[in-house]
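So this block is input-v9.pdb, PDB, C-alpha atoms and all ligand atoms:
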ATOM      1  CA  MET A   1     -63.544  73.862  10.894  1.00  0.00           C
ATOM      2  CA  LYS A   2     -63.341  74.246  14.640  1.00  0.00           C
ATOM      3  CA  ILE A   3     -62.689  77.516  16.478  1.00  0.00           C
ATOM      4  CA  LEU A   4     -61.869  77.653  20.163  1.00  0.00           C
ATOM      5  CA  ALA A   5     -63.809  80.584  21.618  1.00  0.00           C
ATOM      6  CA  ASP A   6     -60.869  81.506  23.886  1.00  0.00           C
ATOM      7  CA  SER A   7     -58.758  82.271  20.790  1.00  0.00           C
ATOM      8  CA  LEU A   8     -61.150  84.981  19.579  1.00  0.00           C
ATOM      9  CA  GLY A   9     -60.835  88.713  20.200  1.00  0.00           C
ATOM     10  CA  PRO A  10     -63.923  90.972  20.536  1.00  0.00           C
ATOM     11  CA  GLU A  11     -63.868  92.107  16.878  1.00  0.00           C
ATOM     12  CA  GLN A  12     -63.574  88.534  15.547  1.00  0.00           C
ATOM     13  CA  THR A  13     -66.329  87.343  17.881  1.00  0.00           C
ATOM     14  CA  TYR A  14     -68.561  90.212  16.769  1.00  0.00           C
ATOM     15  CA  LYS A  15     -68.007  89.354  13.092  1.00  0.00           C
ATOM     16  CA  LEU A  16     -68.739  85.681  13.677  1.00  0.00           C
ATOM     17  CA  LEU A  17     -71.758  86.021  15.953  1.00  0.00           C
ATOM     18  CA  THR A  18     -73.447  88.701  13.848  1.00  0.00           C
ATOM     19  CA  GLY A  19     -73.231  86.246  10.945  1.00  0.00           C
ATOM     20  CA  ILE A  20     -74.420  83.303  13.043  1.00  0.00           C
ATOM     21  CA  VAL A  21     -77.294  84.831  15.027  1.00  0.00           C
ATOM     22  CA  VAL A  22     -79.342  85.748  11.946  1.00  0.00           C
ATOM     23  CA  PRO A  23     -81.684  87.175  10.894  1.00  0.00           C
ATOM     24  CA  ARG A  24     -82.058  89.703  13.701  1.00  0.00           C
ATOM     25  CA  PRO A  25     -85.032  92.015  14.206  1.00  0.00           C
ATOM     26  CA  ILE A  26     -84.186  95.671  14.724  1.00  0.00           C
ATOM     27  CA  ALA A  27     -85.227  97.907  17.615  1.00  0.00           C
ATOM     28  CA  TRP A  28     -85.054 101.473  16.287  1.00  0.00           C
ATOM     29  CA  ILE A  29     -84.766 103.239  19.613  1.00  0.00           C
ATOM     30  CA  THR A  30     -85.733 106.803  20.482  1.00  0.00           C
ATOM     31  CA  THR A  31     -84.501 108.353  23.736  1.00  0.00           C
ATOM     32  CA  VAL A  32     -84.269 111.925  24.986  1.00  0.00           C
ATOM     33  CA  SER A  33     -80.956 113.416  26.128  1.00  0.00           C
ATOM     34  CA  PRO A  34     -80.648 115.471  29.351  1.00  0.00           C
ATOM     35  CA  ALA A  35     -80.566 118.547  27.031  1.00  0.00           C
ATOM     36  CA  GLY A  36     -83.914 117.501  25.532  1.00  0.00           C
ATOM     37  CA  LEU A  37     -82.668 116.260  22.137  1.00  0.00           C
ATOM     38  CA  VAL A  38     -84.296 113.239  20.515  1.00  0.00           C
ATOM     39  CA  ASN A  39     -81.718 110.515  19.857  1.00  0.00           C
ATOM     40  CA  VAL A  40     -82.452 107.769  17.339  1.00  0.00           C
ATOM     41  CA  ALA A  41     -80.350 104.619  16.755  1.00  0.00           C
ATOM     42  CA  PRO A  42     -80.877 101.009  15.592  1.00  0.00           C
ATOM     43  CA  PHE A  43     -80.096  97.934  17.719  1.00  0.00           C
ATOM     44  CA  SER A  44     -80.409  94.374  16.489  1.00  0.00           C
ATOM     45  CA  CYS A  45     -79.233  92.449  19.577  1.00  0.00           C
ATOM     46  CA  TYR A  46     -82.816  92.570  20.741  1.00  0.00           C
ATOM     47  CA  THR A  47     -85.439  90.092  21.935  1.00  0.00           C
ATOM     48  CA  ILE A  48     -88.611  89.407  23.983  1.00  0.00           C
ATOM     49  CA  VAL A  49     -87.902  88.610  27.638  1.00  0.00           C
ATOM     50  CA  SER A  50     -91.364  88.397  29.257  1.00  0.00           C
ATOM     51  CA  ASN A  51     -95.055  88.110  28.318  1.00  0.00           C
ATOM     52  CA  LYS A  52     -96.537  89.384  31.566  1.00  0.00           C
ATOM     53  CA  PRO A  53     -95.710  92.143  31.996  1.00  0.00           C
ATOM     54  CA  PRO A  54     -94.549  92.508  28.384  1.00  0.00           C
ATOM     55  CA  MET A  55     -90.794  93.086  28.400  1.00  0.00           C
ATOM     56  CA  ILE A  56     -88.107  93.342  25.763  1.00  0.00           C
ATOM     57  CA  GLY A  57     -84.314  93.419  26.079  1.00  0.00           C
ATOM     58  CA  VAL A  58     -81.565  94.999  24.011  1.00  0.00           C
ATOM     59  CA  ASN A  59     -77.815  94.655  24.219  1.00  0.00           C
ATOM     60  CA  ILE A  60     -75.923  97.930  23.880  1.00  0.00           C
ATOM     61  CA  GLY A  61     -72.146  97.896  23.468  1.00  0.00           C
ATOM     62  CA  ARG A  62     -69.701 100.768  23.999  1.00  0.00           C
ATOM     63  CA  LYS A  63     -67.633 102.919  21.657  1.00  0.00           C
ATOM     64  CA  ALA A  64     -64.013 102.784  22.886  1.00  0.00           C
ATOM     65  CA  GLY A  65     -65.239 102.118  26.416  1.00  0.00           C
ATOM     66  CA  VAL A  66     -67.757 104.994  26.420  1.00  0.00           C
ATOM     67  CA  ARG A  67     -71.518 104.367  26.646  1.00  0.00           C
ATOM     68  CA  LYS A  68     -73.495 105.048  23.451  1.00  0.00           C
ATOM     69  CA  ASP A  69     -75.925 107.992  23.601  1.00  0.00           C
ATOM     70  CA  THR A  70     -78.906 105.630  23.728  1.00  0.00           C
ATOM     71  CA  ALA A  71     -77.488 103.839  26.784  1.00  0.00           C
ATOM     72  CA  SER A  72     -76.609 107.021  28.684  1.00  0.00           C
ATOM     73  CA  ASN A  73     -79.959 108.678  27.895  1.00  0.00           C
ATOM     74  CA  LEU A  74     -81.729 105.540  28.978  1.00  0.00           C
ATOM     75  CA  LEU A  75     -79.865 105.421  32.280  1.00  0.00           C
ATOM     76  CA  CYS A  76     -80.765 109.100  32.918  1.00  0.00           C
ATOM     77  CA  SER A  77     -84.447 109.125  31.982  1.00  0.00           C
ATOM     78  CA  GLU A  78     -85.204 105.389  32.399  1.00  0.00           C
ATOM     79  CA  GLU A  79     -87.548 105.653  29.407  1.00  0.00           C
ATOM     80  CA  PHE A  80     -87.246 104.679  25.742  1.00  0.00           C
ATOM     81  CA  VAL A  81     -89.327 103.836  22.707  1.00  0.00           C
ATOM     82  CA  VAL A  82     -88.672 100.846  20.451  1.00  0.00           C
ATOM     83  CA  ASN A  83     -89.871 101.738  16.956  1.00  0.00           C
ATOM     84  CA  ILE A  84     -90.276  99.028  14.331  1.00  0.00           C
ATOM     85  CA  ALA A  85     -89.205 100.062  10.844  1.00  0.00           C
ATOM     86  CA  ASP A  86     -90.707  98.721   7.650  1.00  0.00           C
ATOM     87  CA  GLU A  87     -88.972  98.411   4.250  1.00  0.00           C
ATOM     88  CA  THR A  88     -89.652 102.062   3.394  1.00  0.00           C
ATOM     89  CA  LEU A  89     -87.565 103.190   6.394  1.00  0.00           C
ATOM     90  CA  LEU A  90     -84.395 101.179   5.731  1.00  0.00           C
ATOM     91  CA  GLU A  91     -82.300 104.117   4.497  1.00  0.00           C
ATOM     92  CA  PRO A  92     -82.908 106.475   7.482  1.00  0.00           C
ATOM     93  CA  LEU A  93     -82.650 103.525   9.896  1.00  0.00           C
ATOM     94  CA  HIS A  94     -79.223 102.639   8.527  1.00  0.00           C
ATOM     95  CA  ARG A  95     -78.052 106.259   8.544  1.00  0.00           C
ATOM     96  CA  SER A  96     -79.208 106.737  12.141  1.00  0.00           C
ATOM     97  CA  ALA A  97     -76.391 104.353  13.201  1.00  0.00           C
ATOM     98  CA  GLY A  98     -73.822 107.086  12.422  1.00  0.00           C
ATOM     99  CA  GLU A  99     -71.627 107.988  15.401  1.00  0.00           C
ATOM    100  CA  TYR A 100     -73.005 111.473  15.979  1.00  0.00           C
ATOM    101  CA  PRO A 101     -72.113 113.379  19.167  1.00  0.00           C
ATOM    102  CA  PRO A 102     -74.832 113.745  21.843  1.00  0.00           C
ATOM    103  CA  GLU A 103     -75.510 117.375  20.759  1.00  0.00           C
ATOM    104  CA  ILE A 104     -76.778 116.085  17.396  1.00  0.00           C
ATOM    105  CA  SER A 105     -80.334 114.793  17.219  1.00  0.00           C
ATOM    106  CA  GLU A 106     -80.584 112.067  14.562  1.00  0.00           C
ATOM    107  CA  ALA A 107     -84.331 112.803  14.427  1.00  0.00           C
ATOM    108  CA  GLN A 108     -83.570 116.381  13.299  1.00  0.00           C
ATOM    109  CA  LEU A 109     -80.619 115.414  11.132  1.00  0.00           C
ATOM    110  CA  LEU A 110     -82.571 112.788   9.214  1.00  0.00           C
ATOM    111  CA  ASP A 111     -85.787 114.801   9.229  1.00  0.00           C
ATOM    112  CA  LEU A 112     -87.686 112.098  11.091  1.00  0.00           C
ATOM    113  CA  GLU A 113     -91.043 113.367  12.326  1.00  0.00           C
ATOM    114  CA  THR A 114     -91.810 112.471  15.949  1.00  0.00           C
ATOM    115  CA  VAL A 115     -95.058 112.122  17.906  1.00  0.00           C
ATOM    116  CA  PRO A 116     -95.197 112.890  21.660  1.00  0.00           C
ATOM    117  CA  GLY A 117     -95.224 109.835  23.908  1.00  0.00           C
ATOM    118  CA  GLU A 118     -98.480 108.781  25.561  1.00  0.00           C
ATOM    119  CA  SER A 119     -97.033 107.584  28.855  1.00  0.00           C
ATOM    120  CA  MET A 120     -93.655 109.366  28.814  1.00  0.00           C
ATOM    121  CA  PRO A 121     -91.795 112.414  27.464  1.00  0.00           C
ATOM    122  CA  VAL A 122     -89.893 110.248  24.944  1.00  0.00           C
ATOM    123  CA  PRO A 123     -91.480 110.576  21.482  1.00  0.00           C
ATOM    124  CA  ARG A 124     -91.995 107.832  18.917  1.00  0.00           C
ATOM    125  CA  LEU A 125     -91.245 108.009  15.195  1.00  0.00           C
ATOM    126  CA  ALA A 126     -94.333 109.025  13.232  1.00  0.00           C
ATOM    127  CA  ALA A 127     -93.398 106.897  10.199  1.00  0.00           C
ATOM    128  CA  ALA A 128     -92.917 103.681  12.195  1.00  0.00           C
ATOM    129  CA  PRO A 129     -95.832 101.222  11.843  1.00  0.00           C
ATOM    130  CA  ILE A 130     -95.303 100.003  15.433  1.00  0.00           C
ATOM    131  CA  SER A 131     -93.811 101.719  18.494  1.00  0.00           C
ATOM    132  CA  LEU A 132     -93.445 100.396  22.033  1.00  0.00           C
ATOM    133  CA  GLU A 133     -93.162 102.854  24.910  1.00  0.00           C
ATOM    134  CA  CYS A 134     -90.882 101.205  27.487  1.00  0.00           C
ATOM    135  CA  ARG A 135     -89.851 101.936  31.054  1.00  0.00           C
ATOM    136  CA  LEU A 136     -86.392 100.706  32.092  1.00  0.00           C
ATOM    137  CA  HIS A 137     -86.620  97.581  34.249  1.00  0.00           C
ATOM    138  CA  SER A 138     -82.998  96.540  34.704  1.00  0.00           C
ATOM    139  CA  VAL A 139     -79.480  96.792  33.316  1.00  0.00           C
ATOM    140  CA  THR A 140     -77.067  93.858  33.420  1.00  0.00           C
ATOM    141  CA  PRO A 141     -73.425  94.105  32.302  1.00  0.00           C
ATOM    142  CA  TYR A 142     -71.911  91.199  30.367  1.00  0.00           C
ATOM    143  CA  GLY A 143     -68.328  90.319  29.444  1.00  0.00           C
ATOM    144  CA  ASP A 144     -65.167  92.418  29.294  1.00  0.00           C
ATOM    145  CA  THR A 145     -66.187  95.095  26.758  1.00  0.00           C
ATOM    146  CA  GLY A 146     -68.704  97.025  28.887  1.00  0.00           C
ATOM    147  CA  ALA A 147     -71.732  95.731  26.941  1.00  0.00           C
ATOM    148  CA  GLU A 148     -74.976  96.007  28.890  1.00  0.00           C
ATOM    149  CA  PHE A 149     -78.329  94.274  28.463  1.00  0.00           C
ATOM    150  CA  PHE A 150     -81.148  96.761  28.998  1.00  0.00           C
ATOM    151  CA  VAL A 151     -84.551  95.321  29.797  1.00  0.00           C
ATOM    152  CA  GLY A 152     -87.620  97.500  29.414  1.00  0.00           C
ATOM    153  CA  GLU A 153     -91.225  96.955  30.418  1.00  0.00           C
ATOM    154  CA  ILE A 154     -93.621  97.912  27.635  1.00  0.00           C
ATOM    155  CA  ARG A 155     -96.230 100.401  28.832  1.00  0.00           C
ATOM    156  CA  VAL A 156     -98.013 101.359  25.588  1.00  0.00           C
ATOM    157  CA  LEU A 157     -98.072  99.643  22.178  1.00  0.00           C
ATOM    158  CA  HIS A 158     -98.848 101.827  19.155  1.00  0.00           C
ATOM    159  CA  ILE A 159     -99.891  99.715  16.167  1.00  0.00           C
ATOM    160  CA  ARG A 160    -100.869 101.210  12.816  1.00  0.00           C
ATOM    161  CA  ASP A 161    -104.518 100.592  11.902  1.00  0.00           C
ATOM    162  CA  GLY A 162    -104.943  97.558   9.670  1.00  0.00           C
ATOM    163  CA  LEU A 163    -101.878  95.679  10.948  1.00  0.00           C
ATOM    164  CA  LEU A 164    -103.673  93.876  13.769  1.00  0.00           C
ATOM    165  CA  ASN A 165    -105.902  90.973  12.779  1.00  0.00           C
ATOM    166  CA  ASN A 166    -107.532  88.766  15.432  1.00  0.00           C
ATOM    167  CA  GLY A 167    -104.955  89.805  18.042  1.00  0.00           C
ATOM    168  CA  LYS A 168    -102.020  89.034  15.701  1.00  0.00           C
ATOM    169  CA  ILE A 169     -99.806  91.287  13.627  1.00  0.00           C
ATOM    170  CA  ASP A 170    -100.102  90.626   9.892  1.00  0.00           C
ATOM    171  CA  THR A 171     -96.383  90.256   9.159  1.00  0.00           C
ATOM    172  CA  THR A 172     -96.761  90.445   5.389  1.00  0.00           C
ATOM    173  CA  LEU A 173     -98.486  93.822   5.766  1.00  0.00           C
ATOM    174  CA  LEU A 174     -95.874  94.969   8.297  1.00  0.00           C
ATOM    175  CA  ARG A 175     -93.016  94.298   5.824  1.00  0.00           C
ATOM    176  CA  PRO A 176     -90.319  94.254   8.537  1.00  0.00           C
ATOM    177  CA  ILE A 177     -86.594  94.486   7.890  1.00  0.00           C
ATOM    178  CA  CYS A 178     -83.923  92.461   9.613  1.00  0.00           C
ATOM    179  CA  ARG A 179     -80.185  92.698   9.942  1.00  0.00           C
ATOM    180  CA  ILE A 180     -77.695  90.123   8.810  1.00  0.00           C
ATOM    181  CA  ALA A 181     -73.906  90.513   9.084  1.00  0.00           C
ATOM    182  CA  GLY A 182     -72.303  93.867   8.215  1.00  0.00           C
ATOM    183  CA  PRO A 183     -74.259  96.586   6.406  1.00  0.00           C
ATOM    184  CA  ASN A 184     -76.582  93.919   5.040  1.00  0.00           C
ATOM    185  CA  TYR A 185     -80.294  93.664   5.571  1.00  0.00           C
ATOM    186  CA  ALA A 186     -82.971  91.222   4.493  1.00  0.00           C
ATOM    187  CA  MET A 187     -86.691  91.548   3.912  1.00  0.00           C
ATOM    188  CA  LEU A 188     -89.391  89.030   4.596  1.00  0.00           C
ATOM    189  CA  GLY A 189     -89.067  86.150   2.128  1.00  0.00           C
ATOM    190  CA  LYS A 190     -91.511  83.334   1.432  1.00  0.00           C
ATOM    191  CA  VAL A 191     -93.842  82.658   4.374  1.00  0.00           C
ATOM    192  CA  VAL A 192     -94.472  78.948   5.025  1.00  0.00           C
ATOM    193  CA  THR A 193     -97.437  77.961   7.212  1.00  0.00           C
ATOM    194  CA  LEU A 194     -97.401  74.566   8.994  1.00  0.00           C
ATOM    195  CA  GLN A 195     -99.901  72.795  11.274  1.00  0.00           C
ATOM    196  CA  PRO A 196     -99.793  74.537  14.681  1.00  0.00           C
ATOM    197  CA  VAL A 197     -97.955  72.499  17.356  1.00  0.00           C
ATOM    198  CA  SER A 198    -100.110  72.342  20.495  1.00  0.00           C
ATOM    199  CA  GLN A 199     -98.631  74.459  23.297  1.00  0.00           C
ATOM    200  CA  THR A 200     -99.649  74.996  26.917  1.00  0.00           C
ATOM    201  CA  PRO A 201    -101.643  78.261  27.048  1.00  0.00           C
ATOM    202  CA  LYS A 202     -99.569  81.196  28.238  1.00  0.00           C
ATOM    203  CA  THR A 203    -102.382  81.998  30.706  1.00  0.00           C
ATOM    204  CA  VAL A 204    -101.356  78.901  32.737  1.00  0.00           C
ATOM    205  CA  LEU A 205     -98.776  80.356  35.088  1.00  0.00           C
TER     206      LEU A 205
HETATM  207  C1  LIG A 301     -78.975  97.671  11.904  1.00  0.00           C
HETATM  208  C2  LIG A 301     -78.019  97.997  13.028  1.00  0.00           C
HETATM  209  C3  LIG A 301     -78.103  97.293  14.209  1.00  0.00           C
HETATM  210  C4  LIG A 301     -77.266  97.619  15.288  1.00  0.00           C
HETATM  211  N1  LIG A 301     -77.359  96.889  16.444  1.00  0.00           N
HETATM  212  C5  LIG A 301     -76.611  97.241  17.510  1.00  0.00           C
HETATM  213  C6  LIG A 301     -76.748  96.531  18.741  1.00  0.00           C
HETATM  214  O1  LIG A 301     -77.547  95.607  18.889  1.00  0.00           O
HETATM  215  N2  LIG A 301     -75.983  96.955  19.796  1.00  0.00           N
HETATM  216  C7  LIG A 301     -75.120  98.002  19.697  1.00  0.00           C
HETATM  217  O2  LIG A 301     -74.473  98.360  20.680  1.00  0.00           O
HETATM  218  N3  LIG A 301     -74.973  98.675  18.532  1.00  0.00           N
HETATM  219  C8  LIG A 301     -75.700  98.340  17.456  1.00  0.00           C
HETATM  220  N4  LIG A 301     -75.577  99.037  16.285  1.00  0.00           N
HETATM  221  C9  LIG A 301     -74.687 100.217  16.246  1.00  0.00           C
HETATM  222  C10 LIG A 301     -75.376 101.465  16.807  1.00  0.00           C
HETATM  223  O3  LIG A 301     -76.577 101.760  16.104  1.00  0.00           O
HETATM  224  C11 LIG A 301     -74.389 102.651  16.684  1.00  0.00           C
HETATM  225  O4  LIG A 301     -73.295 102.428  17.552  1.00  0.00           O
HETATM  226  C12 LIG A 301     -74.989 104.009  16.952  1.00  0.00           C
HETATM  227  O5  LIG A 301     -74.040 105.012  16.651  1.00  0.00           O
HETATM  228  C13 LIG A 301     -75.422 104.199  18.393  1.00  0.00           C
HETATM  229  O6  LIG A 301     -76.009 105.480  18.460  1.00  0.00           O
HETATM  230  P1  LIG A 301     -76.132 106.336  19.773  1.00  0.00           P
HETATM  231  O7  LIG A 301     -74.732 106.682  20.247  1.00  0.00           O
HETATM  232  O8  LIG A 301     -76.908 107.543  19.306  1.00  0.00           O
HETATM  233  O9  LIG A 301     -76.876 105.511  20.774  1.00  0.00           O
HETATM  234  C14 LIG A 301     -76.345  98.685  15.163  1.00  0.00           C
HETATM  235  C15 LIG A 301     -76.229  99.369  13.947  1.00  0.00           C
HETATM  236  C16 LIG A 301     -77.041  99.017  12.879  1.00  0.00           C
HETATM  237  C17 LIG A 301     -76.914  99.744  11.581  1.00  0.00           C
END

Take the structure in the file and give it back as structure tokens.
Ligand SMILES: Cc1cc2nc3c(=O)[nH]c(=O)nc-3n(C[C@H](O)[C@H](O)[C@H](O)COP(=O)(O)O)c2cc1C
Amino acid sequence: MKILADSLGPEQTYKLLTGIVVPRPIAWITTVSPAGLVNVAPFSCYTIVSNKPPMIGVNIGRKAGVRKDTASNLLCSEEFVVNIADETLLEPLHRSAGEYPPEISEAQLLDLETVPGESMPVPRLAAAPISLECRLHSVTPYGDTGAEFFVGEIRVLHIRDGLLNNGKIDTTLLRPICRIAGPNYAMLGKVVTLQPVSQTPKTVL
């Protein structure tokens, strides 16, 4: 089957791409609203964009042309925290995607305990095994739907004791969750280890 991209509308493209770009990691983002409420929402269009300084990027769409709470809070405060959920947090993570108005704090609604930020007023989620405190670096709009790619520079990494081994995260202990198309998630399956392929050290700039 062949599909010409020009023939696709935004909903069809979304359905196709979210089934093609899989599995996706999930940034469970905390931000603070101008009224001081802690907003929590999951975003799976998310990736690493730089090693030095460490930077991540997340694509945030709009609801009927209006910015999502995460995006507007982020533009106001220029600070956010990317929390990484493990398998035990799947249910509240999924529920935090509900379209609640800005006056509702998903942290309060879902009874998610928060811990004050180290480098910023935005708190992290106490139950998350990893949290990254990020400062907004740039925002780039893409396409016709008002989607924006937010890049943040990581200032502080919080990693639960026992997860870090020799400078690497033990993924099997982390037990991350990922998103596939629709309300479907997947857990870490079989891990296959191959001979490392020699790579130029990242310290060579
Ligand atoms: C697992 C998961 C991943 C999601 N990924 C994205 C994403 O990458 N970009 C996006 O705009 N919305 C994404 N959403 C939808 C938002 O979470 C949803 O629109 C939410 O209501 C936004 O909340 P906010 O208005 O409090 O920011 C995702 C939803 C789920 C359940």

Could you name the residues that touch range 88-96 of chain A at 7 Å or less, counting all atoms listed in the file, but leaving out those on the same chain fewer than 3 positions away, as JSON, numbers by chain?
-> {"A": [40, 41, 42, 85, 106, 110]}

Nearest candidate to ligand LIG 301 (chain A) (options A:Arg24, A:Arg124, A:Lys202, A:His158; using only C-alpha atoms and all ligand atoms) =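 Of all the options, A:Arg24 lies closest to ligand LIG 301 (chain A).
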
Considering all atoms listed in the file, return as a ChimeraX atom specification whatever protein or nucleic-acid residues lie within 6 Å of range 69-81 of chain A, sequence-local ones (same chain, fewer than 6 positions apart) excluded.
-> /A:29-31,33,132-136

Need to verify the contact set: Ala127 in chain A, 10 Å, only C-alpha atoms, exclusion of same-chain residues closer than 3 positions in sequence. Can you return it as a tab-separated table (two decimals) with C-alpha atoms, in the frame of the given file?
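The new file selection35.tsv reads:
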chain	number	residue	atom	x	y	z
A	83	ASN	CA	-89.87	101.74	16.96
A	84	ILE	CA	-90.28	99.03	14.33
A	85	ALA	CA	-89.20	100.06	10.84
A	86	ASP	CA	-90.71	98.72	7.65
A	88	THR	CA	-89.65	102.06	3.39
A	89	LEU	CA	-87.56	103.19	6.39
A	112	LEU	CA	-87.69	112.10	11.09
A	113	GLU	CA	-91.04	113.37	12.33
A	114	THR	CA	-91.81	112.47	15.95
A	115	VAL	CA	-95.06	112.12	17.91
A	124	ARG	CA	-92.00	107.83	18.92
A	130	ILE	CA	-95.30	100.00	15.43
A	131	SER	CA	-93.81	101.72	18.49
A	160	ARG	CA	-100.87	101.21	12.82

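Here CA of Val82 in chain A and CA of Ser50 in chain A stand 15.5 Å from one another.
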
Nearby polymer residues, ligand LIG 301 (chain A), at most 8 Å, all atoms listed in the file, as a ChimeraX atom specification = /A:26-27,39-46,58-63,67-71,93-102,106,147,178-179,183,185

Counting only C-alpha atoms, which of A:Pro54, A:Pro176, A:Pro10, A:Pro25 gets nearest to Gly152 in chain A?
-> A:Pro54

Let me know the centre plus edge lengths, in Å and rounded to one decimal, of a box with edges along x, y and z that contains all listed atoms of range 26-40 of chain A and is padded by 8 Å on every side, as lines of an AutoDock Vina configuration file.
center_x = -83.1
center_y = 107.1
center_z = 22.0
size_x = 21.2
size_y = 38.9
size_z = 30.6

Using all atoms listed in the file, which residue out of A:Leu205, A:Ser198, A:Gly146, A:Pro129 lies closest to Thr171 in chain A?
-> A:Pro129

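Comparing A:Met55, A:Val32, A:Val151, A:Ile3 by their smallest distance to Pro116 in chain A, the closest is A:Val32 (using all atoms listed in the file).
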
Taking into account only C-alpha atoms, which residue in the set A:Val38, A:Leu188, A:Leu194, A:Ala181 is nearest to Gly117 in chain A?
-> A:Val38
